[in-house]
Amino acid sequence: MADQQTEPRLSVDLPVRIWGMSAEGRPFSQYAHATNISSEGALISGVETELKVGDVIGVQCAEKKTRCTVIWAMNTGPVKKNQVGVKLVADQDCPWKSFLPLDGATVAIADCNRRRWHRHKISLPLELRDERVNAPFRINATDVSGNGCYVESMLPLPLGTMLRVDFWLDSERIKITAVVRTCDPGVGNGIEFTGMPPETKERMQTYLDAIDPQMGVSAPKPE
């Protein structure tokens with residue numbers, strides 16, 4: 001089916017976060033890449049969840065969030081996973097507007113705008129403690145980097161919630177502070193490790209990078 005575009009799309013490799021409900025009715029949240037963009041929509045690659053035409057998903061680029069409708073979806077195999085074409089829902093602001101060229105000019109996305117901390121799809125057992133109530137609970141992070149993680153929850157914590165986080169990095173027990181940076185109702189929270197020293201973040205990232213997520217290797221669990 002021909003797609004009548006009102007403007008040319010810009011080829012990019014722009015990290016984005018997407019979330020919503022899968023074709024099977026299950027909540028999901030993940031990081032993917034917008035590989036071309038316009039002020040009206042985008043092509044998103046590396047989507048791990050099966051989506052269908054008409055689904056409405058959340059999309060975040062940098063600090064800006066929007067809602068988009070899936071206008072087509074294609075399974076591109078195990079390497080590129082799924083690709084989806086999305087169109088901004090009416091009255092939604094374009095989250096990647098600052099990356100679009102003006103008056104036909106070209107634009108390059110600087111390295112500083114790419115994700116510094118590559119996230120890994122591994123299972124990392126955490127103990128979280130909400131500092132307001134001091135009641136710990138255990139949960140598995142599903143999306144982890146040296147700077148933070150994502151935890152799935154039907155009842156996510158409010159934005160700005162301060163946390164104590166306890167987990168194992170190889171054979172070392174890590175106890176740090178963290179803060180809830182994103183809240184997706186019915187899906188989960190994005191958490192930033194604010195109390196982790198830079199050298200520990202780098203060491204954790206190196207450790208995670210050494211684990212091939214394609215092999216399904218999980219981080220060690222606390223004994």
# chains A, B, ... in the order shown; residues from 1 in each chain; ligands from 1
call {"tool": "select_by_dssp", "arguments": {"residues": "range 128-183 of chain A", "states": "strand (DSSP E or B)", "output": "ChimeraX atom specification"}}
result
/A:128-130,136-145,148-152,162-169,172-183
call {"tool": "write_last_selection", "arguments": {"atoms": "N, CA and C atoms", "output": "CSV table (one decimal), in the first residue's frame"}}
result
chain,number,residue,atom,x,y,z
A,128,LEU,N,14.8,-3.3,46.2
A,128,LEU,CA,14.5,-1.9,46.2
A,128,LEU,C,13.9,-1.5,47.5
A,129,ARG,N,14.2,-0.4,48.0
A,129,ARG,CA,13.6,0.1,49.3
A,129,ARG,C,13.2,1.6,49.1
A,130,ASP,N,11.9,1.8,49.1
A,130,ASP,CA,11.3,3.1,49.0
A,130,ASP,C,11.7,3.9,50.3
A,136,PRO,N,11.4,-2.9,52.0
A,136,PRO,CA,12.1,-3.5,50.8
A,136,PRO,C,11.3,-4.5,50.1
A,137,PHE,N,11.5,-4.5,48.8
A,137,PHE,CA,10.9,-5.6,47.9
A,137,PHE,C,11.9,-6.0,46.9
A,138,ARG,N,11.8,-7.3,46.5
A,138,ARG,CA,12.7,-7.8,45.5
A,138,ARG,C,12.0,-7.9,44.1
A,139,ILE,N,12.8,-7.6,43.1
A,139,ILE,CA,12.3,-7.5,41.7
A,139,ILE,C,13.4,-7.7,40.8
A,140,ASN,N,13.2,-8.2,39.6
A,140,ASN,CA,14.2,-8.4,38.5
A,140,ASN,C,14.2,-7.2,37.5
A,141,ALA,N,15.3,-6.6,37.4
A,141,ALA,CA,15.4,-5.6,36.3
A,141,ALA,C,15.5,-6.3,35.0
A,142,THR,N,14.9,-5.7,33.9
A,142,THR,CA,14.9,-6.4,32.6
A,142,THR,C,15.7,-5.7,31.6
A,143,ASP,N,16.2,-4.5,31.9
A,143,ASP,CA,16.9,-3.7,31.0
A,143,ASP,C,17.9,-2.9,31.8
A,144,VAL,N,19.2,-3.2,31.7
A,144,VAL,CA,20.2,-2.8,32.6
A,144,VAL,C,21.4,-2.1,31.9
A,145,SER,N,21.9,-1.0,32.5
A,145,SER,CA,23.2,-0.4,32.1
A,145,SER,C,23.9,0.0,33.3
A,148,GLY,N,21.7,2.7,35.1
A,148,GLY,CA,20.4,2.5,35.6
A,148,GLY,C,19.8,1.3,35.0
A,149,CYS,N,18.5,1.2,35.2
A,149,CYS,CA,17.8,0.0,34.8
A,149,CYS,C,16.3,0.3,34.6
A,150,TYR,N,15.6,-0.7,34.1
A,150,TYR,CA,14.1,-0.6,34.0
A,150,TYR,C,13.5,-1.8,34.7
A,151,VAL,N,12.5,-1.6,35.5
A,151,VAL,CA,11.8,-2.7,36.2
A,151,VAL,C,10.4,-2.7,35.8
A,152,GLU,N,9.8,-3.8,35.5
A,152,GLU,CA,8.5,-4.0,35.1
A,152,GLU,C,7.6,-4.1,36.4
A,162,MET,N,12.7,8.4,45.7
A,162,MET,CA,14.0,8.1,46.1
A,162,MET,C,14.1,6.6,46.6
A,163,LEU,N,15.1,5.9,46.1
A,163,LEU,CA,15.2,4.5,46.4
A,163,LEU,C,16.6,4.1,47.0
A,164,ARG,N,16.6,3.1,47.8
A,164,ARG,CA,17.8,2.4,48.1
A,164,ARG,C,17.9,1.1,47.3
A,165,VAL,N,19.0,0.8,46.6
A,165,VAL,CA,19.1,-0.3,45.7
A,165,VAL,C,20.2,-1.2,46.2
A,166,ASP,N,20.0,-2.5,46.2
A,166,ASP,CA,20.9,-3.5,46.7
A,166,ASP,C,21.0,-4.6,45.7
A,167,PHE,N,22.2,-4.9,45.1
A,167,PHE,CA,22.3,-5.9,44.1
A,167,PHE,C,23.8,-6.4,44.1
A,168,TRP,N,24.0,-7.5,43.3
A,168,TRP,CA,25.4,-8.1,43.2
A,168,TRP,C,26.0,-7.8,41.9
A,169,LEU,N,27.2,-7.2,41.9
A,169,LEU,CA,28.0,-7.0,40.6
A,169,LEU,C,29.1,-8.0,40.7
A,172,GLU,N,30.7,-8.8,44.1
A,172,GLU,CA,30.6,-7.6,45.0
A,172,GLU,C,29.2,-7.2,45.2
A,173,ARG,N,28.9,-6.9,46.5
A,173,ARG,CA,27.5,-6.5,46.8
A,173,ARG,C,27.5,-4.9,46.7
A,174,ILE,N,26.6,-4.4,45.9
A,174,ILE,CA,26.5,-3.0,45.7
A,174,ILE,C,25.2,-2.4,46.4
A,175,LYS,N,25.5,-1.4,47.2
A,175,LYS,CA,24.4,-0.7,47.9
A,175,LYS,C,24.4,0.8,47.6
A,176,ILE,N,23.4,1.3,46.9
A,176,ILE,CA,23.5,2.7,46.4
A,176,ILE,C,22.1,3.3,46.5
A,177,THR,N,22.1,4.6,46.2
A,177,THR,CA,20.8,5.3,46.1
A,177,THR,C,20.4,5.4,44.7
A,178,ALA,N,19.1,5.6,44.4
A,178,ALA,CA,18.7,5.8,43.0
A,178,ALA,C,17.4,6.6,43.0
A,179,VAL,N,16.9,7.0,41.8
A,179,VAL,CA,15.7,7.8,41.7
A,179,VAL,C,14.9,7.3,40.5
A,180,VAL,N,13.6,7.3,40.7
A,180,VAL,CA,12.7,7.0,39.6
A,180,VAL,C,12.6,8.1,38.6
A,181,ARG,N,13.1,7.8,37.4
A,181,ARG,CA,13.1,8.9,36.3
A,181,ARG,C,11.9,8.8,35.3
A,182,THR,N,11.4,7.6,35.1
A,182,THR,CA,10.2,7.5,34.2
A,182,THR,C,9.2,6.6,34.9
A,183,CYS,N,7.9,6.9,34.6
A,183,CYS,CA,6.8,6.1,35.2
A,183,CYS,C,5.8,5.8,34.0
call {"tool": "residues_around", "arguments": {"residues": "Pro156 in chain A", "least_positions_apart": "3", "cutoff": "9 Å", "atoms": "only C-alpha atoms", "output": "PDB file with C-alpha atoms, in the first residue's frame"}}
result
ATOM      1  CA  VAL A 151      11.836  -2.666  36.220  1.00  0.00           C
ATOM      2  CA  GLU A 152       8.453  -3.952  35.120  1.00  0.00           C
ATOM      3  CA  SER A 153       5.539  -3.421  37.493  1.00  0.00           C
ATOM      4  CA  CYS A 183       6.816   6.086  35.166  1.00  0.00           C
ATOM      5  CA  ASP A 184       4.748   4.110  32.648  1.00  0.00           C
ATOM      6  CA  PRO A 185       1.361   3.217  34.209  1.00  0.00           C
ATOM      7  CA  GLY A 186       0.733  -0.512  34.109  1.00  0.00           C
ATOM      8  CA  VAL A 187       4.205  -1.160  32.660  1.00  0.00           C
ATOM      9  CA  GLY A 188       7.039  -0.107  34.993  1.00  0.00           C
ATOM     10  CA  ASN A 189       9.737   2.375  35.995  1.00  0.00           C
TER      11      ASN A 189
END
call {"tool": "residues_around", "arguments": {"residues": "Tyr207 in chain A", "least_positions_apart": "3", "cutoff": "9 Å", "atoms": "only C-alpha atoms", "output": "PyMOL selection string"}}
result
chain A and resi 146+169-170+202-204+210-211
call {"tool": "write_last_selection", "arguments": {"atoms": "C-alpha atoms", "output": "CSV table (one decimal), in the first residue's frame"}}
result
chain,number,residue,atom,x,y,z
A,146,GLY,CA,25.9,1.1,34.2
A,169,LEU,CA,28.0,-7.0,40.6
A,170,ASP,CA,29.9,-10.2,40.0
A,202,GLU,CA,32.1,2.2,34.3
A,203,ARG,CA,33.1,-1.1,35.8
A,204,MET,CA,29.5,-2.2,35.8
A,210,ALA,CA,31.1,-8.6,28.4
A,211,ILE,CA,27.8,-10.6,28.6
call {"tool": "closest_residue", "arguments": {"among": "A:Ser38, A:Gln205, A:Gln92, A:Ser29", "to": "Arg67 in chain A", "atoms": "only C-alpha atoms"}}
result
A:Gln92
